[in-house]
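Each remark here refers to the structure printed beneath this line.
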Amino acid sequence: MAVEGKCMTFIKYSLFVFNLLFWLAGLSILALGLWLRFNVDATKYIDQLQSVENDTAQQYYNGTYILISAGVLVTVVGFCGCWGAIQENKCLLVLFFISLLLIFSLQVTGGIWGYLNIGQLEQLLKRETEKTVKEKYPIDKATQLALDFTQQKLHCCGADDYRDWQKSAQDIPSSCYCHGDCDDVLEGGIFRRGCTSALYEFFARNLYIMGGVGIGVGLVQVMGMIFAVLLCCNIRKNYDEDGYV
């Protein structure tokens, strides 16, 4: 039974396009996860790294599995919405609505948790940066590359300052030194500030952007749920008028 009225037809095809994009996004996430997991060059490097630092390698594989799982979930939800809209299938539309509601609820819960715990972010960054400098940097090649990149990009050195390297009986790495025009440096070209404060400022600076993107995604999801409910109600109404119960 086809939906009636221009408004409902618009909702039907808008929901279809929305879910088509959702489905394509799911396929992209799934493809990225599979590529990262089974790419020959990447897995060869990770296998070598695993013999030195098993935790880092395992974190990489866990990340790829999360991407693959998310891609499968988004793809299935998008397919249910697409097929349910174009075929006017109430069961698929209800499944799409419930799935999208669960995803939306998880996003809201995560956002609220992040907002309530934003005050603990600096302490967490300090603890993890100190652990990275003292324990992981000397033995983990991936950590060395990541921290060197952070120090050069954010113009910082150590957790609190350059003395963290001396306290851990390590030489100050070259990434702690300015290799161009830098503002806040000590004598000898070493970055003055620590990476804890630099990372916290970076996250705080981008907090509004992340919040805006989250709100935008949430509004699109709410529109998708509203369209699904309206389409379901119209399909039900048409069936009742034709004597189907």
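Residues are named by chain letter and number: chains run A, B, ... in the order of the structure tokens, numbers start at 1 in each chain, and ligands are numbered from 1 in the order shown.
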**OP:** From the DSSP assignment of the backbone, select every residue of segment 39-224 of chain A that is alpha helix (DSSP H), and format the answer as number ranges by chain.
**Re:** A: 40-50, 54-87, 90-116, 121-131, 141-154, 163-167, 195-205, 207-224
Fewer than 5 positions away in the same chain doesn't count, so skip those; otherwise give me all residues within 6 Å of segment 83-91 of chain A, counting only C-alpha atoms, as a compact mmCIF listing (two decimals) with N, CA and C atoms, in the first residue's frame.
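Saved to selection.txt:
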```txt
# COMPACT_ATOMS: atom_id res chain seq x y z
N LYS A 12 9.02 9.89 2.86
CA LYS A 12 9.46 8.56 2.47
C LYS A 12 10.81 8.60 1.76
N PHE A 16 14.64 7.58 2.82
CA PHE A 16 15.43 6.67 1.99
C PHE A 16 16.82 7.24 1.71
N CYS A 232 5.62 5.13 9.47
CA CYS A 232 4.95 3.97 10.06
C CYS A 232 3.47 4.26 10.33
```
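In terms of minimum interatomic distance to Glu122 of chain A, A:Phe202 ranks closest within A:Phe191, A:Tyr137, A:Phe202, A:Phe96, counting only C-alpha atoms.
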Subject >> Atomic distance atom CA of Ile66 of chain A - atom CA of Arg205 of chain A, expressed in Å with one decimal >> reply: 27.2 Å
Original post:
Skipping near chain neighbours, those fewer than 5 positions away, what residues fall within 10 Å of Tyr177 of chain A using only C-alpha atoms, listed as JSON, numbers by chain?
Top reply: {"A": [151, 152, 155, 156, 157, 162, 172, 182, 185, 186, 188, 189, 190, 191, 192]}
Next, write the just-selected residues to a file, as an mmCIF file, in the first residue's frame, keeping C-alpha atoms as the atom set.
```
data_model
loop_
_atom_site.group_PDB
_atom_site.id
_atom_site.type_symbol
_atom_site.label_atom_id
_atom_site.label_comp_id
_atom_site.auth_asym_id
_atom_site.auth_seq_id
_atom_site.Cartn_x
_atom_site.Cartn_y
_atom_site.Cartn_z
ATOM 1 C CA GLN A 151 56.063 17.311 21.312
ATOM 2 C CA GLN A 152 56.951 18.819 17.958
ATOM 3 C CA HIS A 155 55.722 22.648 21.179
ATOM 4 C CA CYS A 156 55.930 20.849 24.528
ATOM 5 C CA CYS A 157 58.404 18.661 26.388
ATOM 6 C CA TYR A 162 61.855 18.862 30.270
ATOM 7 C CA ILE A 172 66.081 14.786 26.355
ATOM 8 C CA CYS A 182 59.138 29.058 18.314
ATOM 9 C CA VAL A 185 61.406 28.112 24.628
ATOM 10 C CA LEU A 186 64.141 27.915 27.248
ATOM 11 C CA GLY A 188 69.114 25.995 24.305
ATOM 12 C CA GLY A 189 65.844 25.830 22.376
ATOM 13 C CA ILE A 190 63.982 23.394 24.650
ATOM 14 C CA PHE A 191 60.214 23.854 24.807
ATOM 15 C CA ARG A 192 59.209 25.413 28.120
#
```
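For the set A:Leu67, A:Phe227, A:Lys167, A:Gln221, the residue with the smallest atom-to-atom gap to Phe104 of chain A is A:Gln221, counting only C-alpha atoms.
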**OP:** Please provide the set of residues having any atom within 7 Å of Val74 of chain A, restricted to only C-alpha atoms, with same-chain residues fewer than 5 positions apart removed, written as a ChimeraX atom specification.
**Re:** /A:22-23,26
